[in-house]
Each structure stands twice: as C-alpha cells, then as structure tokens.
$ cat entry_18.txt   # compact mmCIF, C-alpha atoms
# COMPACT_ATOMS: atom_id res chain seq x y z
CA MET B 1 43.03 -30.00 -0.66
CA THR B 2 40.85 -30.84 2.31
CA ARG B 3 37.13 -30.36 1.65
CA ILE B 4 34.17 -29.89 3.95
CA ASP B 5 33.05 -33.42 3.06
CA ASP B 6 36.27 -34.77 4.59
CA VAL B 7 35.62 -32.95 7.87
CA ALA B 8 32.01 -34.15 7.93
CA ARG B 9 33.10 -37.75 7.33
CA LEU B 10 35.70 -37.64 10.11
CA ALA B 11 33.34 -35.97 12.57
CA GLY B 12 30.42 -38.23 11.63
CA VAL B 13 27.99 -35.41 10.85
CA SER B 14 26.48 -33.73 7.80
CA THR B 15 28.34 -31.09 5.80
CA ALA B 16 25.67 -28.55 6.81
CA THR B 17 26.41 -29.25 10.47
CA VAL B 18 30.14 -28.72 9.82
CA SER B 19 29.32 -25.35 8.26
CA ARG B 20 27.19 -24.23 11.20
CA ALA B 21 29.67 -25.47 13.79
CA LEU B 22 32.59 -23.66 12.21
CA ARG B 23 30.57 -20.44 11.97
CA GLY B 24 29.68 -20.69 15.66
CA LEU B 25 25.91 -20.79 15.19
CA PRO B 26 23.86 -21.64 18.31
CA THR B 27 21.92 -24.42 16.52
CA VAL B 28 24.73 -26.97 17.00
CA SER B 29 25.15 -28.86 20.26
CA ALA B 30 28.35 -28.30 22.26
CA ALA B 31 29.44 -31.92 21.86
CA THR B 32 28.93 -31.85 18.09
CA ARG B 33 30.79 -28.55 17.78
CA ARG B 34 33.78 -29.94 19.69
CA ARG B 35 33.83 -33.00 17.42
CA VAL B 36 33.71 -30.85 14.28
CA LEU B 37 36.40 -28.45 15.50
CA ALA B 38 38.68 -31.36 16.38
CA ALA B 39 38.20 -32.89 12.93
CA ALA B 40 38.81 -29.56 11.18
CA GLU B 41 41.98 -29.00 13.18
CA GLN B 42 43.23 -32.50 12.46
CA LEU B 43 42.65 -32.05 8.72
CA GLN B 44 43.80 -28.40 8.74
CA TYR B 45 40.55 -27.34 7.10
CA ALA B 46 39.74 -23.63 6.57
CA VAL B 47 36.03 -22.87 6.29
CA SER B 48 34.59 -21.32 3.13
CA PRO B 49 31.48 -19.27 4.03
CA SER B 50 29.90 -19.64 0.60
CA ALA B 51 30.51 -23.38 0.50
CA SER B 52 29.13 -23.92 3.98
CA ARG B 53 25.94 -22.10 3.08
CA LEU B 54 25.48 -24.02 -0.13
CA ALA B 55 25.97 -27.27 1.77
CA GLY B 56 22.74 -26.57 3.60
CA GLY B 57 20.90 -25.52 0.46
CA ARG B 58 20.71 -21.91 1.61
CA THR B 59 22.07 -18.53 0.65
CA GLY B 60 22.49 -17.32 4.22
CA THR B 61 20.94 -14.01 3.15
CA VAL B 62 17.73 -12.14 3.96
CA ALA B 63 16.36 -9.45 1.62
CA VAL B 64 15.24 -6.27 3.40
CA VAL B 65 13.19 -3.79 1.35
CA VAL B 66 12.70 -0.18 2.47
CA PRO B 67 11.10 2.83 0.73
CA ARG B 68 13.89 5.30 1.61
CA ILE B 69 16.92 4.33 3.67
CA THR B 70 17.77 7.98 4.43
CA ARG B 71 14.74 8.43 6.69
CA TRP B 72 15.30 8.02 10.44
CA PHE B 73 12.77 5.25 10.99
CA PHE B 74 13.99 3.05 8.15
CA GLY B 75 17.65 3.53 8.98
CA THR B 76 17.08 2.69 12.64
CA VAL B 77 15.09 -0.43 11.82
CA VAL B 78 17.59 -1.71 9.24
CA GLU B 79 20.52 -1.25 11.61
CA ALA B 80 18.76 -3.36 14.26
CA VAL B 81 17.78 -6.00 11.70
CA GLU B 82 21.35 -6.28 10.39
CA GLU B 83 22.75 -6.69 13.89
CA THR B 84 20.27 -9.48 14.70
CA LEU B 85 20.84 -11.29 11.41
CA HIS B 86 24.62 -11.08 11.82
CA GLN B 87 24.43 -12.69 15.24
CA SER B 88 22.74 -15.70 13.62
CA GLY B 89 25.20 -15.91 10.73
CA TYR B 90 22.95 -14.30 8.12
CA ASP B 91 23.75 -11.47 5.73
CA LEU B 92 21.41 -8.63 4.81
CA LEU B 93 20.70 -7.75 1.19
CA LEU B 94 19.27 -4.23 1.24
CA TYR B 95 16.92 -2.90 -1.44
CA ASN B 96 16.25 0.83 -1.21
CA LEU B 97 13.28 1.65 -3.46
CA GLY B 98 13.85 5.39 -3.23
CA GLY B 99 10.53 6.19 -4.87
CA ARG B 100 11.73 4.65 -8.14
CA GLU B 101 9.13 2.49 -9.84
CA GLN B 102 11.70 0.64 -11.92
CA VAL B 103 13.48 -0.46 -8.76
CA ARG B 104 10.21 -1.63 -7.23
CA GLN B 105 9.43 -3.75 -10.26
CA ARG B 106 12.95 -5.16 -10.45
CA VAL B 107 12.88 -6.16 -6.79
CA LEU B 108 9.28 -7.21 -6.20
CA ARG B 109 7.89 -8.21 -9.60
CA THR B 110 10.66 -10.23 -11.16
CA ALA B 111 12.62 -13.30 -10.23
CA ASN B 112 15.35 -11.03 -8.87
CA LEU B 113 15.16 -12.58 -5.40
CA HIS B 114 14.85 -16.17 -6.58
CA LYS B 115 17.70 -18.31 -5.20
CA ARG B 116 19.40 -15.17 -3.88
CA VAL B 117 17.77 -15.03 -0.44
CA ASP B 118 16.20 -17.35 2.12
CA ALA B 119 13.54 -14.90 3.31
CA ILE B 120 12.15 -11.40 2.74
CA MET B 121 11.45 -8.51 5.11
CA LEU B 122 9.41 -5.51 3.98
CA VAL B 123 9.84 -2.38 6.08
CA ALA B 124 6.87 -0.04 5.67
CA THR B 125 6.71 -0.89 1.98
CA PRO B 126 3.31 -0.25 0.39
CA LEU B 127 2.29 -3.07 -1.92
CA ARG B 128 0.21 -3.26 -5.06
CA PRO B 129 -1.69 -6.32 -6.33
CA ALA B 130 1.09 -7.15 -8.81
CA ASP B 131 3.63 -7.04 -5.96
CA LEU B 132 1.59 -9.51 -3.89
CA THR B 133 1.31 -11.89 -6.82
CA ALA B 134 5.06 -11.81 -7.41
CA LEU B 135 5.84 -12.36 -3.72
CA ALA B 136 3.47 -15.35 -3.59
CA GLU B 137 5.21 -16.91 -6.58
CA LEU B 138 8.59 -16.67 -4.83
CA ASP B 139 7.25 -19.01 -2.11
CA LEU B 140 9.62 -17.64 0.53
CA PRO B 141 8.95 -16.91 4.21
CA GLY B 142 8.58 -13.24 4.98
CA ILE B 143 7.56 -10.62 7.49
CA THR B 144 6.52 -6.98 7.39
CA ILE B 145 7.25 -4.06 9.68
CA SER B 146 4.80 -1.18 10.13
CA SER B 147 1.23 -0.97 8.90
CA GLY B 148 0.26 -0.80 5.27
CA SER B 149 2.47 -3.53 3.84
CA THR B 150 0.25 -6.52 4.57
CA VAL B 151 1.09 -9.79 2.83
CA PRO B 152 -1.28 -12.78 3.19
CA GLY B 153 0.40 -15.46 5.30
CA TRP B 154 3.08 -13.11 6.66
CA PRO B 155 3.06 -11.71 10.20
CA CYS B 156 3.56 -8.04 10.89
CA VAL B 157 5.44 -6.20 13.63
CA ARG B 158 4.18 -2.68 14.20
CA ILE B 159 2.73 -0.11 16.58
CA ASP B 160 -0.90 0.91 16.94
CA ASP B 161 -0.88 4.14 14.91
CA VAL B 162 -4.46 5.01 15.82
CA ALA B 163 -3.75 4.71 19.54
CA ALA B 164 -0.51 6.68 19.22
CA ALA B 165 -2.34 9.57 17.55
CA ARG B 166 -5.11 9.49 20.15
CA THR B 167 -2.55 9.73 22.94
CA ALA B 168 -0.77 12.66 21.32
CA THR B 169 -3.99 14.56 20.68
CA ARG B 170 -5.34 13.75 24.14
CA HIS B 171 -2.18 15.20 25.68
CA LEU B 172 -2.87 18.50 23.94
CA ILE B 173 -6.55 18.42 24.94
CA ASP B 174 -5.63 17.73 28.56
CA LEU B 175 -3.37 20.80 28.51
CA GLY B 176 -6.43 22.86 27.57
CA HIS B 177 -6.06 23.13 23.80
CA ARG B 178 -9.19 23.14 21.68
CA ARG B 179 -7.97 24.53 18.35
CA ILE B 180 -5.61 21.68 17.42
CA ALA B 181 -4.18 21.30 13.92
CA HIS B 182 -2.99 18.07 12.38
CA ILE B 183 -0.23 17.66 9.78
CA SER B 184 -0.18 14.19 8.28
CA GLY B 185 0.94 12.35 5.17
CA ASP B 186 0.15 13.18 1.60
CA PRO B 187 -2.09 10.40 0.18
CA ASN B 188 0.08 10.51 -2.96
CA ASP B 189 3.28 9.91 -0.98
CA GLU B 190 4.45 6.31 -1.41
CA LEU B 191 5.70 6.37 2.19
CA ALA B 192 2.34 7.28 3.67
CA PHE B 193 0.22 4.19 2.83
CA THR B 194 -2.06 3.57 5.86
CA THR B 195 0.09 5.22 8.51
CA HIS B 196 -1.19 8.69 7.69
CA THR B 197 -4.83 7.56 7.57
CA ASP B 198 -4.52 5.68 10.88
CA ARG B 199 -2.92 8.62 12.64
CA ARG B 200 -5.51 11.02 11.22
CA ARG B 201 -8.23 8.69 12.50
CA GLY B 202 -6.71 8.66 15.97
CA TYR B 203 -6.52 12.46 15.97
CA GLN B 204 -10.16 12.79 14.98
CA GLU B 205 -11.29 10.17 17.49
CA ALA B 206 -9.58 12.02 20.35
CA LEU B 207 -11.23 15.27 19.33
CA ARG B 208 -14.68 13.72 19.12
CA ARG B 209 -14.29 11.97 22.47
CA ALA B 210 -13.54 15.38 23.98
CA GLY B 211 -16.66 16.86 22.37
CA LEU B 212 -14.68 18.73 19.71
CA ARG B 213 -15.55 18.72 16.02
CA PRO B 214 -12.61 18.13 13.63
CA ASP B 215 -12.01 21.28 11.55
CA PRO B 216 -10.97 20.47 7.94
CA SER B 217 -9.15 23.81 7.73
CA LEU B 218 -6.77 22.59 10.45
CA ASP B 219 -6.01 19.27 8.76
CA MET B 220 -2.95 19.58 6.52
CA GLU B 221 -1.16 17.17 4.18
CA SER B 222 2.62 16.91 4.02
CA GLN B 223 5.54 14.74 3.04
CA PHE B 224 7.06 12.89 6.02
CA THR B 225 10.03 15.29 6.07
CA ILE B 226 11.24 18.41 7.89
CA ASN B 227 10.77 20.46 4.74
CA GLY B 228 7.28 19.04 4.26
CA GLY B 229 6.30 19.99 7.81
CA ASN B 230 7.71 23.46 7.31
CA GLN B 231 5.77 24.06 4.10
CA ALA B 232 2.52 22.71 5.55
CA THR B 233 2.82 24.97 8.59
CA VAL B 234 3.51 28.02 6.46
CA GLU B 235 0.33 27.26 4.53
CA LEU B 236 -1.58 26.64 7.77
CA LEU B 237 -0.56 30.02 9.18
CA ALA B 238 -1.54 31.74 5.94
CA ARG B 239 -5.12 30.54 6.37
CA GLY B 240 -5.78 32.98 9.18
CA GLU B 241 -6.05 32.44 12.92
CA PRO B 242 -3.29 30.00 13.92
CA PRO B 243 -4.07 26.92 16.03
CA THR B 244 -2.91 26.80 19.63
CA ALA B 245 -1.39 23.35 19.08
CA ILE B 246 -0.18 21.08 16.28
CA PHE B 247 -0.11 17.30 16.23
CA ALA B 248 2.38 16.20 13.57
CA ALA B 249 2.23 12.63 12.22
CA CYS B 250 5.99 12.21 12.69
CA ASP B 251 8.82 14.00 14.45
CA GLU B 252 10.39 15.23 11.23
CA ILE B 253 7.13 16.97 10.28
CA ALA B 254 7.02 18.39 13.81
CA MET B 255 10.58 19.74 13.49
CA GLY B 256 9.63 21.51 10.27
CA ALA B 257 6.54 22.92 11.97
CA MET B 258 8.61 24.30 14.85
CA THR B 259 10.96 26.02 12.40
CA ALA B 260 8.06 27.61 10.49
CA LEU B 261 6.42 28.81 13.70
CA ARG B 262 9.59 30.45 14.94
CA ASP B 263 10.22 32.03 11.53
CA ALA B 264 6.73 33.53 11.82
CA GLY B 265 7.57 35.04 15.21
CA LEU B 266 5.51 32.51 17.19
CA ARG B 267 6.95 30.89 20.30
CA VAL B 268 6.85 27.15 21.02
CA PRO B 269 5.02 26.29 23.25
CA GLN B 270 3.89 29.71 24.55
CA ASP B 271 1.99 30.53 21.35
CA VAL B 272 1.69 27.11 19.70
CA SER B 273 2.42 23.68 21.19
CA VAL B 274 3.84 20.95 18.97
CA ILE B 275 3.93 17.17 19.39
CA GLY B 276 5.08 14.44 17.02
CA VAL B 277 5.44 10.65 16.75
CA ASP B 278 8.69 8.64 16.74
CA ASP B 279 11.15 9.93 19.36
CA HIS B 280 13.67 10.74 16.65
CA ASP B 281 17.29 10.98 17.76
CA LEU B 282 17.07 14.79 17.56
CA SER B 283 13.77 15.11 19.43
CA GLY B 284 15.41 15.29 22.84
CA VAL B 285 17.88 17.92 21.64
CA LEU B 286 15.05 20.07 20.28
CA GLY B 287 12.83 19.55 23.32
CA LEU B 288 10.10 18.00 21.16
CA SER B 289 7.25 16.22 22.91
CA THR B 290 6.47 13.00 21.09
CA ILE B 291 4.96 9.55 21.09
CA ALA B 292 7.99 7.27 21.29
CA GLN B 293 7.83 4.17 19.14
CA PRO B 294 10.42 1.38 19.56
CA ALA B 295 11.87 1.47 16.03
CA ALA B 296 14.96 -0.59 16.79
CA GLU B 297 13.00 -3.16 18.77
CA GLN B 298 10.59 -3.58 15.85
CA GLY B 299 13.59 -4.46 13.69
CA ARG B 300 15.13 -6.86 16.21
CA LEU B 301 11.84 -8.62 16.89
CA ALA B 302 10.94 -8.94 13.21
CA ALA B 303 14.37 -10.41 12.47
CA ARG B 304 14.02 -12.96 15.28
CA LEU B 305 10.54 -13.98 14.11
CA LEU B 306 11.81 -14.35 10.56
CA LEU B 307 14.85 -16.40 11.58
CA ASP B 308 12.80 -18.79 13.70
CA PRO B 309 11.32 -20.80 10.78
CA LEU B 310 14.75 -20.77 9.15
CA GLY B 311 16.17 -22.77 12.06
CA THR B 312 18.73 -24.93 10.29
CA VAL B 313 19.25 -27.90 12.56
CA ASP B 314 17.96 -29.94 15.44
CA PRO B 315 21.14 -30.44 17.54
CA SER B 316 19.95 -33.83 18.76
CA THR B 317 19.53 -35.26 15.25
CA ASP B 318 21.60 -32.99 12.97
CA ARG B 319 18.54 -32.96 10.69
CA VAL B 320 18.41 -30.14 8.16
CA PRO B 321 14.87 -29.04 7.15
CA ALA B 322 14.09 -27.78 3.67
CA PRO B 323 15.08 -24.12 3.37
CA ARG B 324 12.21 -23.10 1.13
CA GLY B 325 8.65 -24.02 0.37
CA VAL B 326 5.43 -24.45 2.26
CA ASP B 327 6.69 -25.54 5.65
CA PRO B 328 8.90 -22.55 6.56
CA ALA B 329 6.35 -20.10 5.23
CA ALA B 330 3.60 -21.83 7.16
CA THR B 331 5.69 -21.59 10.32
CA VAL B 332 6.05 -17.84 9.88
CA ALA B 333 2.36 -17.48 9.10
CA ALA B 334 1.53 -19.19 12.39
CA SER B 335 3.12 -16.31 14.31
CA PRO B 336 0.48 -13.83 15.51
CA PRO B 337 0.81 -10.16 14.57
CA VAL B 338 2.83 -8.26 17.14
CA ILE B 339 1.90 -4.72 18.18
CA LEU B 340 4.56 -3.04 20.28
CA PRO B 341 3.60 -0.38 22.82
CA THR B 342 4.25 3.34 22.47
CA ARG B 343 4.65 5.93 25.21
CA LEU B 344 4.10 9.64 25.66
CA VAL B 345 7.30 11.63 26.16
CA VAL B 346 6.58 15.17 27.37
CA ARG B 347 9.25 17.78 26.69
CA GLU B 348 9.38 21.56 26.31
CA SER B 349 7.41 21.87 23.06
CA THR B 350 4.00 21.39 24.67
CA GLY B 351 2.29 23.43 27.33
CA PRO B 352 -1.07 25.07 28.18
CA PRO B 353 -2.52 27.52 25.65
CA ARG B 354 -1.79 31.19 26.25
CA ALA B 355 -4.51 32.98 28.19
CA HIS B 356 -6.25 35.71 26.19
$ encode --input "entry_18.txt" --output "structure tokens"
Amino acid sequence: MTRIDDVARLAGVSTATVSRALRGLPTVSAATRRRVLAAAEQLQYAVSPSASRLAGGRTGTVAVVVPRITRWFFGTVVEAVEETLHQSGYDLLLYNLGGREQVRQRVLRTANLHKRVDAIMLVATPLRPADLTALAELDLPGITISSGSTVPGWPCVRIDDVAAARTATRHLIDLGHRRIAHISGDPNDELAFTTHTDRRRGYQEALRRAGLRPDPSLDMESQFTINGGNQATVELLARGEPPTAIFAACDEIAMGAMTALRDAGLRVPQDVSVIGVDDHDLSGVLGLSTIAQPAAEQGRLAARLLLDPLGTVDPSTDRVPAPRGVDPAATVAASPPVILPTRLVVRESTGPPRAH
C-alpha cells in the first residue's frame, strides 16, 4: 500500500507539504503542488485527511465556544467562522455551553481540548478566574469575539457597545423624545457579561449629553430574548405613565417590547417608538429600527486572525513551524484589538413623539 511518505520521497518534499498540496491549501506554491500531484498520480495514492493532519503535528481543528447556539448572534457568527475555517482546510469543533456549568467546566477547566484542537475561539463567553487559568495552561493560540470575554494575550474582535447605545438613544432624542426607557441585560444572565453594562452606559451618556437625567424607573432588566423583552415591557407599563420611546439592548428584546406594547393597545411608533441593536434577520420584516452590527463579518475576521499564526508552511522553503507553544500564541497576541463599525438603520418603529 502506497503511503504518504512514498509520495513525499518521490516529490522531494515533506509529508506535511504533501498533505497540504493534496487538500488544495493556498500555503503551497503552484510548482510544488504540481510536483506532489504528479507523484501521487504516479503512485496511485489516495489522501487520508487524518493522516495528512497528523503529518504536520496538527489536528486541523479549531474549538469554538458559544454560550447558546440558538441565539441569532451566536448562530450567525458560528456559520461565518465555519465557512472561513473550511476554506483553509480546518474543521470546527463546536461547544455550546447552554448555561450548563458542568459543560463549562468540562470544556474550559479540564484537559478536554488538549491535543484535540490547534486553537480556541470564544464567542461572547464570559470567563471566570478558573477559566483563565485553565486556558493559560493549554498554551494554545486563541481569539475572542464580543466584549466581556477578555483573555490576556488574545486579541478581540467586537463592536463598540457604548457608542452603539449612544447612537440609538441619540436617534430617539433627535426625534424629540425625552422620556426614553431602556431595557438591557439581567446582571445574573450569563450572556450579559459587559455588553449590558456598556450599552446602559451609552444610553445614560446620550441622555446626559442632551441635558436629560436618567430615570431609574425607566431602566429595566431582561434576558436577551423576545420573551424577556415582552415581560420587561409589561412590567414597565405597569409602573404608570409609559415612556414615549424604548431603547432595547438587542433586537430580540425590542421585538418582545413591540409585542407587549401592541397587546396593551399602544401603537408603534405613534404612541411608543422602539429601537434595538443587531439588525436581526427579522428586523427588516418587522420594520424595527436598529443599530446594525456586522455579526458575520466579526466571525470571518476573527477566523482569519486566528488562522494567520497557524500558517503551516512557507512555500519557498516547505518549512513547517511548530503548531503549538509560545510562538503561535505570541503571533496572535501581537494582533491589535479590532473594533468593527456599526450603523443606524431607521425603519418604521421609530418616529416623533405624539403631540399632546
């Protein structure tokens, strides 16, 4: 039986280069690829994906950890990450924490990832001191997406949540609203971490810059879900005089708020304007004004930044760097944090307050 070593010997390259050439990876020069393909054809060699990965001392897999895969943001990011990894010949190993502490500990605080992956990506995953210690002991390159999951030595791809909230609130102020409510994350929600505090800060900053004092009675806590937004709005309306506008910390909260308002006989935006953050796939259908964040682009960019230090070969020398250890991690750490821009998308859910 022909082995990869036989092809490498005939082509005059390393076994790792044979593996990359036969998988069509862009890190092999055209001349080398032609030489490898000719040797493989001559020897009638069929590539084994697992063997080719092991030849380079790698798993060919990246671990991606998310709090809840069913949420729009996480699903959108993971889809973009998987597509980018696949284009470079890498597989994605998905860990969905789902709010389960035992899963968190199994993934982040044990040797579960050791020798199973070449790198780690954390998508909006809040971390505790024990998690950071365990990740440091793995000595793998990594990257985070979204604020709150900061790991020393790892870059982060995210948006500016404070600025996004300021823009949303300023839009309502510019329309003439002064009694503006805010529905943000529950501090006890494992998905909230610093996103909810950053967006609350942006909301309050916009009010103060407009000479308005934040009213605690208009500041509600909620889960980042449609049902959470609905329940928070029901409670808000029960407190007495309704606000003329609501800034929701995410589009799903905003959707729940719109449902509660309509159930209460209030029109959107004639009686109460509503704006969210995300540009969820359903936001356009529902006419929801929002602050659009590039969720898919965050995933694609993070994957590219993570793959860069995992570059497997210099085509001019066929040299294979070490797949783990200080050097790859240091390369990732050298990448500056990346903050992607957001934009205001005005739809039918926001308008001037009703004249009394």
$ closest_residue --input "entry_18.txt" --among "B:Ala232, B:Thr197, B:Thr342, B:Glu348" --to "Arg267 of chain B" --atoms "only C-alpha atoms"
B:Glu348
$ closest_residue --input "entry_18.txt" --among "B:Leu288, B:Leu310, B:Ala163, B:Val28" --to "Thr59 of chain B" --atoms "all atoms listed in the file"
B:Leu310
$ atom_distance --input "entry_18.txt" --atom1 "atom CA of Arg35 of chain B" --atom2 "atom CA of Thr15 of chain B"
13.0 Å
$ closest_residue --input "entry_18.txt" --among "B:Gly185, B:Gly299, B:Pro243, B:Pro337" --to "Val151 of chain B" --atoms "all atoms listed in the file"
B:Pro337
$ atom_distance --input "entry_18.txt" --atom1 "atom CA of Leu93 of chain B" --atom2 "atom CA of Ile339 of chain B"
25.5 Å
$ residues_near_point --input "entry_18.txt" --point "(-10.4, 27.0, 9.2)" --cutoff "10 Å" --atoms "all atoms listed in the file" --output "list in words"
Arg179, Ala181, Asp215, Pro216, Ser217, Leu218, Asp219, Leu236, Arg239, Gly240, Glu241, Pro242 and Pro243 of chain B
$ residues_around --input "entry_18.txt" --residues "Ala249 of chain B" --least-positions-apart "5" --cutoff "8 Å" --atoms "only C-alpha atoms" --output "ChimeraX atom specification"
/B:165,182-185,196,199-200,224,254,276-277
$ write_last_selection --input "entry_18.txt" --atoms "C-alpha atoms" --output "PDB file, keeping the file's coordinate frame"
ATOM      1  CA  ALA B 165      -2.340   9.570  17.550  1.00  0.00           C
ATOM      2  CA  HIS B 182      -2.990  18.070  12.380  1.00  0.00           C
ATOM      3  CA  ILE B 183      -0.230  17.660   9.780  1.00  0.00           C
ATOM      4  CA  SER B 184      -0.180  14.190   8.280  1.00  0.00           C
ATOM      5  CA  GLY B 185       0.940  12.350   5.170  1.00  0.00           C
ATOM      6  CA  HIS B 196      -1.190   8.690   7.690  1.00  0.00           C
ATOM      7  CA  ARG B 199      -2.920   8.620  12.640  1.00  0.00           C
ATOM      8  CA  ARG B 200      -5.510  11.020  11.220  1.00  0.00           C
ATOM      9  CA  PHE B 224       7.060  12.890   6.020  1.00  0.00           C
ATOM     10  CA  ALA B 254       7.020  18.390  13.810  1.00  0.00           C
ATOM     11  CA  GLY B 276       5.080  14.440  17.020  1.00  0.00           C
ATOM     12  CA  VAL B 277       5.440  10.650  16.750  1.00  0.00           C
TER      13      VAL B 277
END
$ residues_near_point --input "entry_18.txt" --point "(5.1, -11.9, -0.8)" --cutoff "10 Å" --atoms "only C-alpha atoms" --output "PDB file with C-alpha atoms, keeping the file's coordinate frame"
ATOM      1  CA  LEU B 108       9.280  -7.210  -6.200  1.00  0.00           C
ATOM      2  CA  ARG B 109       7.890  -8.210  -9.600  1.00  0.00           C
ATOM      3  CA  ALA B 119      13.540 -14.900   3.310  1.00  0.00           C
ATOM      4  CA  ILE B 120      12.150 -11.400   2.740  1.00  0.00           C
ATOM      5  CA  MET B 121      11.450  -8.510   5.110  1.00  0.00           C
ATOM      6  CA  LEU B 122       9.410  -5.510   3.980  1.00  0.00           C
ATOM      7  CA  LEU B 127       2.290  -3.070  -1.920  1.00  0.00           C
ATOM      8  CA  ASP B 131       3.630  -7.040  -5.960  1.00  0.00           C
ATOM      9  CA  LEU B 132       1.590  -9.510  -3.890  1.00  0.00           C
ATOM     10  CA  THR B 133       1.310 -11.890  -6.820  1.00  0.00           C
ATOM     11  CA  ALA B 134       5.060 -11.810  -7.410  1.00  0.00           C
ATOM     12  CA  LEU B 135       5.840 -12.360  -3.720  1.00  0.00           C
ATOM     13  CA  ALA B 136       3.470 -15.350  -3.590  1.00  0.00           C
ATOM     14  CA  GLU B 137       5.210 -16.910  -6.580  1.00  0.00           C
ATOM     15  CA  LEU B 138       8.590 -16.670  -4.830  1.00  0.00           C
ATOM     16  CA  ASP B 139       7.250 -19.010  -2.110  1.00  0.00           C
ATOM     17  CA  LEU B 140       9.620 -17.640   0.530  1.00  0.00           C
ATOM     18  CA  PRO B 141       8.950 -16.910   4.210  1.00  0.00           C
ATOM     19  CA  GLY B 142       8.580 -13.240   4.980  1.00  0.00           C
ATOM     20  CA  ILE B 143       7.560 -10.620   7.490  1.00  0.00           C
ATOM     21  CA  THR B 144       6.520  -6.980   7.390  1.00  0.00           C
ATOM     22  CA  SER B 149       2.470  -3.530   3.840  1.00  0.00           C
ATOM     23  CA  THR B 150       0.250  -6.520   4.570  1.00  0.00           C
ATOM     24  CA  VAL B 151       1.090  -9.790   2.830  1.00  0.00           C
ATOM     25  CA  PRO B 152      -1.280 -12.780   3.190  1.00  0.00           C
ATOM     26  CA  GLY B 153       0.400 -15.460   5.300  1.00  0.00           C
ATOM     27  CA  TRP B 154       3.080 -13.110   6.660  1.00  0.00           C
TER      28      TRP B 154
END
$ residues_around --input "entry_18.txt" --residues "Glu83 of chain B" --least-positions-apart "2" --cutoff "12 Å" --atoms "only C-alpha atoms" --output "list in words"
Thr76, Val77, Val78, Glu79, Ala80, Val81, Leu85, His86, Gln87, Ser88, Gly89, Tyr90, Asp91, Leu92, Ala296, Glu297, Gly299, Arg300, Leu301, Ala303 and Arg304 of chain B
